[in-house]
>>> print(open('work-v5.cif').read())   # mmCIF, C-alpha atoms
data_structure
#
loop_
_atom_site.label_atom_id
_atom_site.label_comp_id
_atom_site.auth_asym_id
_atom_site.auth_seq_id
_atom_site.Cartn_x
_atom_site.Cartn_y
_atom_site.Cartn_z
CA MET G 2 87.95 97.78 126.48
CA LYS G 3 90.85 95.55 127.52
CA VAL G 4 94.64 95.44 127.33
CA TYR G 5 96.43 92.32 126.13
CA SER G 6 100.08 92.43 127.16
CA TYR G 7 103.00 90.15 126.34
CA VAL G 8 106.79 90.16 126.18
CA ILE G 9 108.32 90.23 122.71
CA VAL G 10 111.67 88.45 122.57
CA ARG G 11 112.60 88.83 118.89
CA ASP G 12 111.24 91.61 116.72
CA PHE G 13 111.69 91.46 112.95
CA GLY G 14 108.81 93.78 112.07
CA PHE G 15 106.87 90.61 111.24
CA ALA G 16 104.64 90.10 114.26
CA PRO G 17 103.60 92.81 114.60
CA ASN G 18 104.09 94.34 111.16
CA PRO G 19 104.09 98.15 111.61
CA PHE G 20 104.62 99.18 107.98
CA TYR G 21 102.58 100.92 105.28
CA GLY G 22 100.64 103.03 107.76
CA LEU G 23 98.88 100.13 109.53
CA CYS G 24 99.99 97.86 112.34
CA THR G 25 98.92 94.25 111.87
CA LEU G 26 99.18 91.13 113.98
CA ALA G 27 98.62 88.28 111.54
CA THR G 28 100.89 85.54 112.88
CA CYS G 29 102.02 84.21 116.26
CA LYS G 30 100.02 84.96 119.44
CA PRO G 31 96.94 82.91 118.44
CA ASN G 32 95.32 83.33 121.87
CA ILE G 33 95.61 87.11 121.75
CA ARG G 34 94.32 87.18 118.18
CA ALA G 35 91.41 85.01 119.31
CA GLY G 36 90.47 87.17 122.28
CA ALA G 37 91.08 90.78 121.29
CA GLN G 38 88.02 92.71 120.12
CA LEU G 39 87.47 96.04 118.40
CA GLY G 40 88.73 98.85 120.62
CA ASP G 41 91.02 96.63 122.69
CA TRP G 42 94.72 97.37 123.02
CA VAL G 43 97.52 94.90 122.30
CA VAL G 44 100.87 95.88 123.77
CA ALA G 45 104.28 94.25 123.92
CA THR G 46 107.21 95.12 126.13
CA GLY G 47 110.85 94.14 125.79
CA SER G 48 112.50 91.11 127.34
CA LYS G 49 114.83 90.96 130.33
CA SER G 50 117.43 89.17 128.22
CA ALA G 51 117.59 92.19 125.91
CA GLY G 52 117.71 94.61 128.85
CA ARG G 53 114.34 96.06 127.87
CA ALA G 54 111.98 94.75 130.53
CA GLY G 55 109.17 97.19 131.21
CA GLN G 56 109.84 99.15 128.02
CA LEU G 57 107.08 99.52 125.46
CA VAL G 58 107.92 98.11 122.03
CA TYR G 59 104.50 98.74 120.52
CA ALA G 60 100.86 99.39 121.28
CA MET G 61 98.03 98.92 118.80
CA GLN G 62 94.30 99.54 119.19
CA VAL G 63 92.28 97.00 117.23
CA SER G 64 90.18 98.76 114.60
CA GLU G 65 89.53 95.86 112.23
CA VAL G 66 89.47 92.07 112.43
CA LEU G 67 89.83 90.03 109.23
CA ASP G 68 90.16 86.36 108.46
CA PHE G 69 93.24 85.20 106.53
CA ASP G 70 91.49 84.96 103.17
CA ALA G 71 90.12 88.50 103.48
CA TYR G 72 93.52 89.79 104.55
CA TRP G 73 95.24 88.03 101.64
CA SER G 74 92.84 89.35 99.00
CA ASP G 75 92.34 92.90 100.31
CA PRO G 76 94.33 95.30 98.05
CA ARG G 77 95.09 97.50 101.07
CA PHE G 78 97.38 94.78 102.37
CA ALA G 79 98.99 93.64 99.13
CA ALA G 80 102.22 95.40 100.11
CA LYS G 81 102.36 93.25 103.25
CA ARG G 82 102.79 90.08 101.22
CA PRO G 83 106.43 88.97 101.60
CA LEU G 84 108.89 89.71 98.82
CA LEU G 85 112.15 87.94 99.61
CA ASN G 86 114.23 89.82 97.07
CA GLY G 87 112.85 93.20 98.13
CA SER G 88 113.61 95.57 100.99
CA LEU G 89 113.72 94.36 104.58
CA LYS G 90 110.17 95.49 105.27
CA GLN G 91 109.06 93.57 102.17
CA LEU G 92 111.07 90.53 103.24
CA TYR G 93 109.22 90.40 106.58
CA GLY G 94 105.71 90.86 105.20
CA ASP G 95 103.10 89.13 107.38
CA ASN G 96 100.38 88.53 104.76
CA ILE G 97 101.32 84.89 104.25
CA TYR G 98 98.20 82.70 104.55
CA HIS G 99 95.19 81.88 102.42
CA ARG G 100 93.16 78.78 101.69
CA GLY G 101 93.85 76.64 98.65
CA LYS G 102 92.10 73.55 97.32
CA ARG G 103 93.97 71.33 99.79
CA GLY G 104 93.90 73.55 102.83
CA TRP G 105 96.10 76.36 104.09
CA VAL G 106 98.75 77.81 101.80
CA GLN G 107 101.78 79.37 103.51
CA ALA G 108 103.71 81.83 101.35
CA ASP G 109 107.50 81.73 101.25
CA SER G 110 108.20 83.99 104.21
CA HIS G 111 109.79 84.47 107.60
CA HIS G 112 107.68 81.54 108.86
CA SER G 113 108.56 79.06 106.13
CA PHE G 114 111.70 76.93 105.89
CA ASP G 115 114.87 78.38 104.39
CA ASP G 116 114.26 76.54 101.12
CA GLY G 117 110.82 78.16 100.82
CA LYS G 118 108.81 75.08 101.78
CA PRO G 119 105.99 75.52 104.32
CA ASN G 120 106.91 75.09 107.97
CA PRO G 121 104.12 72.90 109.41
CA ALA G 122 104.76 73.91 113.04
CA ASN G 123 104.41 77.62 112.28
CA LEU G 124 101.45 76.99 109.97
CA VAL G 125 99.52 75.05 112.60
CA ARG G 126 100.22 77.58 115.34
CA ASP G 127 99.44 80.62 113.20
CA THR G 128 96.23 79.25 111.67
CA LYS G 129 94.95 78.00 115.02
CA THR G 130 93.19 81.37 115.07
CA ASP G 131 91.84 82.56 111.72
CA ARG G 132 91.94 86.22 112.71
CA VAL G 133 94.18 89.12 111.75
CA LEU G 134 94.19 92.19 113.99
CA VAL G 135 94.51 95.54 112.23
CA ALA G 136 95.20 98.91 113.86
CA HIS G 137 95.03 102.36 112.33
CA ARG G 138 95.98 103.82 115.70
CA PHE G 139 99.29 102.47 116.93
CA ALA G 140 102.69 103.40 118.31
CA TYR G 141 105.64 101.25 117.29
CA PHE G 142 108.99 102.01 118.94
CA GLY G 143 110.99 98.98 117.80
CA ARG G 144 114.69 99.41 118.61
CA ALA G 145 113.96 102.57 120.65
CA PRO G 146 111.36 101.44 123.23
CA VAL G 147 110.05 103.79 125.91
CA ALA G 148 109.69 103.03 129.62
CA VAL G 149 106.18 102.21 130.78
CA PRO G 150 105.19 104.35 133.81
CA ALA G 151 105.01 102.44 137.10
CA ARG G 152 101.30 103.27 137.49
CA LEU G 153 100.55 101.29 134.33
CA ARG G 154 102.46 98.19 135.30
CA ARG G 155 100.70 96.88 138.40
CA LEU G 156 97.50 95.01 137.66
CA PRO G 157 94.68 96.39 139.87
CA GLY G 158 94.12 94.33 143.01
CA THR G 159 97.11 92.07 142.40
CA GLN G 160 100.88 91.99 142.74
CA GLU G 161 101.29 91.01 139.09
CA ASP G 162 103.26 93.12 136.66
CA LEU G 163 101.43 93.77 133.39
CA CYS G 164 104.77 94.06 131.59
CA CYS G 165 106.29 90.78 132.76
CA PRO G 166 103.85 87.98 131.94
CA GLY G 167 106.55 85.38 131.20
CA ARG G 168 105.86 83.14 128.23
CA ASN G 169 102.13 83.82 128.16
CA HIS G 170 100.14 87.04 128.14
CA ARG G 171 98.12 89.03 130.63
CA VAL G 172 94.83 90.81 130.27
CA ALA G 173 93.83 93.99 132.09
CA GLY G 174 90.40 95.56 132.17
CA ASP G 175 88.78 98.83 131.27
CA GLU G 176 90.42 101.00 133.93
CA MET G 177 93.97 100.18 132.87
CA ALA G 178 93.02 100.33 129.19
CA HIS G 179 91.84 103.92 129.62
CA GLU G 180 94.96 104.84 131.62
CA LEU G 181 97.15 103.34 128.91
CA GLU G 182 95.27 105.29 126.25
CA GLU G 183 95.62 108.54 128.20
CA TRP G 184 99.37 107.98 128.59
CA LEU G 185 99.80 107.27 124.87
CA ASP G 186 97.81 110.40 124.03
CA GLU G 187 100.09 112.44 126.33
CA LEU G 188 103.15 110.83 124.76
CA ASP G 189 101.76 111.72 121.33
CA ARG G 190 104.20 109.60 119.37
CA TRP G 191 101.94 107.67 117.04
CA GLY G 192 102.86 105.50 114.09
CA LEU G 193 106.25 104.04 113.16
CA GLN G 194 108.84 105.67 115.43
CA ALA G 195 111.87 103.41 114.86
CA LEU G 196 112.85 100.33 112.88
CA PRO G 197 112.78 96.80 114.33
CA PRO G 198 115.91 95.88 116.31
CA ALA G 199 116.52 92.77 114.20
CA PHE G 200 116.89 94.88 111.06
CA ALA G 201 120.51 95.70 111.95
CA ASN G 202 121.62 92.04 111.80
CA ALA G 203 119.35 91.35 108.85
CA ARG G 204 120.87 94.22 106.87
CA ARG G 205 124.39 92.89 107.47
CA ALA G 206 123.30 89.43 106.39
CA THR G 207 121.56 90.58 103.23
CA THR G 208 124.60 92.61 102.20
CA SER G 209 126.69 89.47 102.35
CA GLY G 210 124.11 87.52 100.35
CA THR G 211 122.84 85.35 103.21
CA ARG G 212 119.32 86.71 103.55
CA ARG G 213 117.74 83.30 104.11
CA ARG G 214 119.81 82.70 107.23
CA VAL G 215 118.28 85.59 109.14
CA ARG G 216 114.65 84.64 108.65
CA GLY G 217 114.36 82.17 111.51
CA ALA G 218 111.64 79.57 111.97
CA ARG G 219 109.78 81.47 114.66
CA SER G 220 109.17 85.12 115.41
#
>>> encode(input="work-v5.cif", output="structure tokens")
Amino acid sequence: MKVYSYVIVRDFGFAPNPFYGLCTLATCKPNIRAGAQLGDWVVATGSKSAGRAGQLVYAMQVSEVLDFDAYWSDPRFAAKRPLLNGSLKQLYGDNIYHRGKRGWVQADSHHSFDDGKPNPANLVRDTKTDRVLVAHRFAYFGRAPVAVPARLRRLPGTQEDLCCPGRNHRVAGDEMAHELEEWLDELDRWGLQALPPAFANARRATTSGTRRRVRGARS
């Protein structure tokens, strides 16, 4: 069992997508999606720029791994397909890729251009790894992150901070994975605990009829 840790700078509830009772990582972070195996933990902490360094935004334990076509066609994840005239959690659905006759199809979504056309840069990065991570067991804190205990931040045998990996990600082994799991069990705050921080700005934008402007090209 391992822990994959990274810093999340912008959180729209897209990557990860913590809605409908399952946490999914279907876009962005191709190297983490390539490496994480069943039972591993993926965690993200807040950024220094947001004043949330060392605070846990979410933790998910991988319970399923699907390819994009399986994710797209599985009825369990139909609600995670983006619906741009729906609610905010429908707007930021992450079930956006499947194969067509000419290659990858990118649904009109947070990762497409504002006019709905596919964004090649996002498409290439996302489909670099044809794997979607699914977690039944997760804790998503969104706009109300919780401080990670000091004992869980220092990587064993190093001076590196698990919660501050810069632009990349860090991987910790079995010992820290078990300690993380024990802490989360003690915390006992599983599932969706708070909405994504970006929802506040998105809600203001959608009320003024400018929903497309808040989607952004990258998550």
>>> resolve_selection(input="work-v5.cif", expression="the PyMOL selection byres ((chain G and resi 80) around 10)", output="PyMOL selection string")
chain G and resi 20-21+76-79+81-84+90-91+94-96
>>> closest_residue(input="work-v5.cif", among="G:Met2, G:Leu39, G:Val66, G:Cys165", to="G:Thr130", atoms="only C-alpha atoms")
G:Val66
>>> closest_residue(input="work-v5.cif", among="G:Pro19, G:Gly143, G:Pro31, G:Pro150", to="G:Leu181", atoms="all atoms listed in the file")
G:Pro150
>>> atom_distance(input="work-v5.cif", atom1="atom CA of G:Gly40", atom2="atom CA of G:Arg53")
26.8 Å
>>> residues_around(input="work-v5.cif", residues="G:Gly104", least_positions_apart="3", cutoff="12 Å", atoms="all atoms listed in the file", output="PyMOL selection string")
chain G and resi 70+98-101+107+124-125+128
>>> residues_around(input="work-v5.cif", residues="G:Gln56", least_positions_apart="3", cutoff="9 Å", atoms="all atoms listed in the file", output="list in words")
Ala45, Thr46, Gly47, Ser48, Arg53, Pro146, Val147, Ala148, Val149 and Cys164 of chain G
>>> atom_distance(input="work-v5.cif", atom1="atom CA of G:Tyr59", atom2="atom CA of G:Pro17")
8.4 Å
>>> closest_residue(input="work-v5.cif", among="G:Val172, G:Leu26, G:Ala51, G:Leu89", to="G:Asn202", atoms="only C-alpha atoms")
G:Leu89
>>> resolve_selection(input="work-v5.cif", expression="the PyMOL selection byres ((chain G and resi 109) around 9)", output="mmCIF file with C-alpha atoms, keeping the file's coordinate frame")
data_model
loop_
_atom_site.group_PDB
_atom_site.id
_atom_site.type_symbol
_atom_site.label_atom_id
_atom_site.label_comp_id
_atom_site.auth_asym_id
_atom_site.auth_seq_id
_atom_site.Cartn_x
_atom_site.Cartn_y
_atom_site.Cartn_z
ATOM 1 C CA PRO G 83 106.430 88.970 101.600
ATOM 2 C CA LEU G 84 108.890 89.710 98.820
ATOM 3 C CA LEU G 85 112.150 87.940 99.610
ATOM 4 C CA ILE G 97 101.320 84.890 104.250
ATOM 5 C CA GLN G 107 101.780 79.370 103.510
ATOM 6 C CA ALA G 108 103.710 81.830 101.350
ATOM 7 C CA SER G 110 108.200 83.990 104.210
ATOM 8 C CA HIS G 111 109.790 84.470 107.600
ATOM 9 C CA HIS G 112 107.680 81.540 108.860
ATOM 10 C CA SER G 113 108.560 79.060 106.130
ATOM 11 C CA PHE G 114 111.700 76.930 105.890
ATOM 12 C CA ASP G 115 114.870 78.380 104.390
ATOM 13 C CA ASP G 116 114.260 76.540 101.120
ATOM 14 C CA GLY G 117 110.820 78.160 100.820
ATOM 15 C CA LYS G 118 108.810 75.080 101.780
ATOM 16 C CA PRO G 119 105.990 75.520 104.320
#
>>> resolve_selection(input="work-v5.cif", expression="the PyMOL selection byres ((chain G and resi 152) around 12)", output="VMD selection string")
chain G and resid 55 148 to 151 153 to 157 162 to 164 176 to 177 180 to 181 184
>>> atom_distance(input="work-v5.cif", atom1="atom CA of G:Pro198", atom2="atom CA of G:Arg144")
4.4 Å
>>> closest_residue(input="work-v5.cif", among="G:Asp131, G:His137, G:Thr28, G:Leu196", to="G:Ala71", atoms="only C-alpha atoms")
G:Asp131
>>> closest_residue(input="work-v5.cif", among="G:Arg103, G:Arg132, G:Arg11, G:His170", to="G:Val43", atoms="all atoms listed in the file")
G:His170
>>> closest_residue(input="work-v5.cif", among="G:Asp175, G:Asp68, G:Ala140, G:Asn86", to="G:Gly192", atoms="all atoms listed in the file")
G:Ala140
>>> residues_around(input="work-v5.cif", residues="G:Ala16", least_positions_apart="2", cutoff="9 Å", atoms="only C-alpha atoms", output="list of chain:residue names")
G:Asp12, G:Phe13, G:Gly14, G:Asn18, G:Pro19, G:Thr25, G:Leu26, G:Ala27, G:Thr28, G:Cys29, G:Lys30, G:Tyr93, G:Asp95, G:Ser220
>>> write_last_selection(input="work-v5.cif", atoms="C-alpha atoms", output="mmCIF file, in the frame of the given file")
data_model
loop_
_atom_site.group_PDB
_atom_site.id
_atom_site.type_symbol
_atom_site.label_atom_id
_atom_site.label_comp_id
_atom_site.auth_asym_id
_atom_site.auth_seq_id
_atom_site.Cartn_x
_atom_site.Cartn_y
_atom_site.Cartn_z
ATOM 1 C CA ASP G 12 111.240 91.610 116.720
ATOM 2 C CA PHE G 13 111.690 91.460 112.950
ATOM 3 C CA GLY G 14 108.810 93.780 112.070
ATOM 4 C CA ASN G 18 104.090 94.340 111.160
ATOM 5 C CA PRO G 19 104.090 98.150 111.610
ATOM 6 C CA THR G 25 98.920 94.250 111.870
ATOM 7 C CA LEU G 26 99.180 91.130 113.980
ATOM 8 C CA ALA G 27 98.620 88.280 111.540
ATOM 9 C CA THR G 28 100.890 85.540 112.880
ATOM 10 C CA CYS G 29 102.020 84.210 116.260
ATOM 11 C CA LYS G 30 100.020 84.960 119.440
ATOM 12 C CA TYR G 93 109.220 90.400 106.580
ATOM 13 C CA ASP G 95 103.100 89.130 107.380
ATOM 14 C CA SER G 220 109.170 85.120 115.410
#
>>> residues_near_point(input="work-v5.cif", point="(101.6, 89.5, 126.5)", cutoff="6 Å", atoms="all atoms listed in the file", output="MDAnalysis selection string")
chainID G and resid 5:8 169:171
>>> write_last_selection(input="work-v5.cif", atoms="C-alpha atoms", output="PDB file, in the coordinates of the input")
ATOM      1  CA  TYR G   5      96.430  92.320 126.130  1.00  0.00           C
ATOM      2  CA  SER G   6     100.080  92.430 127.160  1.00  0.00           C
ATOM      3  CA  TYR G   7     103.000  90.150 126.340  1.00  0.00           C
ATOM      4  CA  VAL G   8     106.790  90.160 126.180  1.00  0.00           C
ATOM      5  CA  ASN G 169     102.130  83.820 128.160  1.00  0.00           C
ATOM      6  CA  HIS G 170     100.140  87.040 128.140  1.00  0.00           C
ATOM      7  CA  ARG G 171      98.120  89.030 130.630  1.00  0.00           C
TER       8      ARG G 171
END
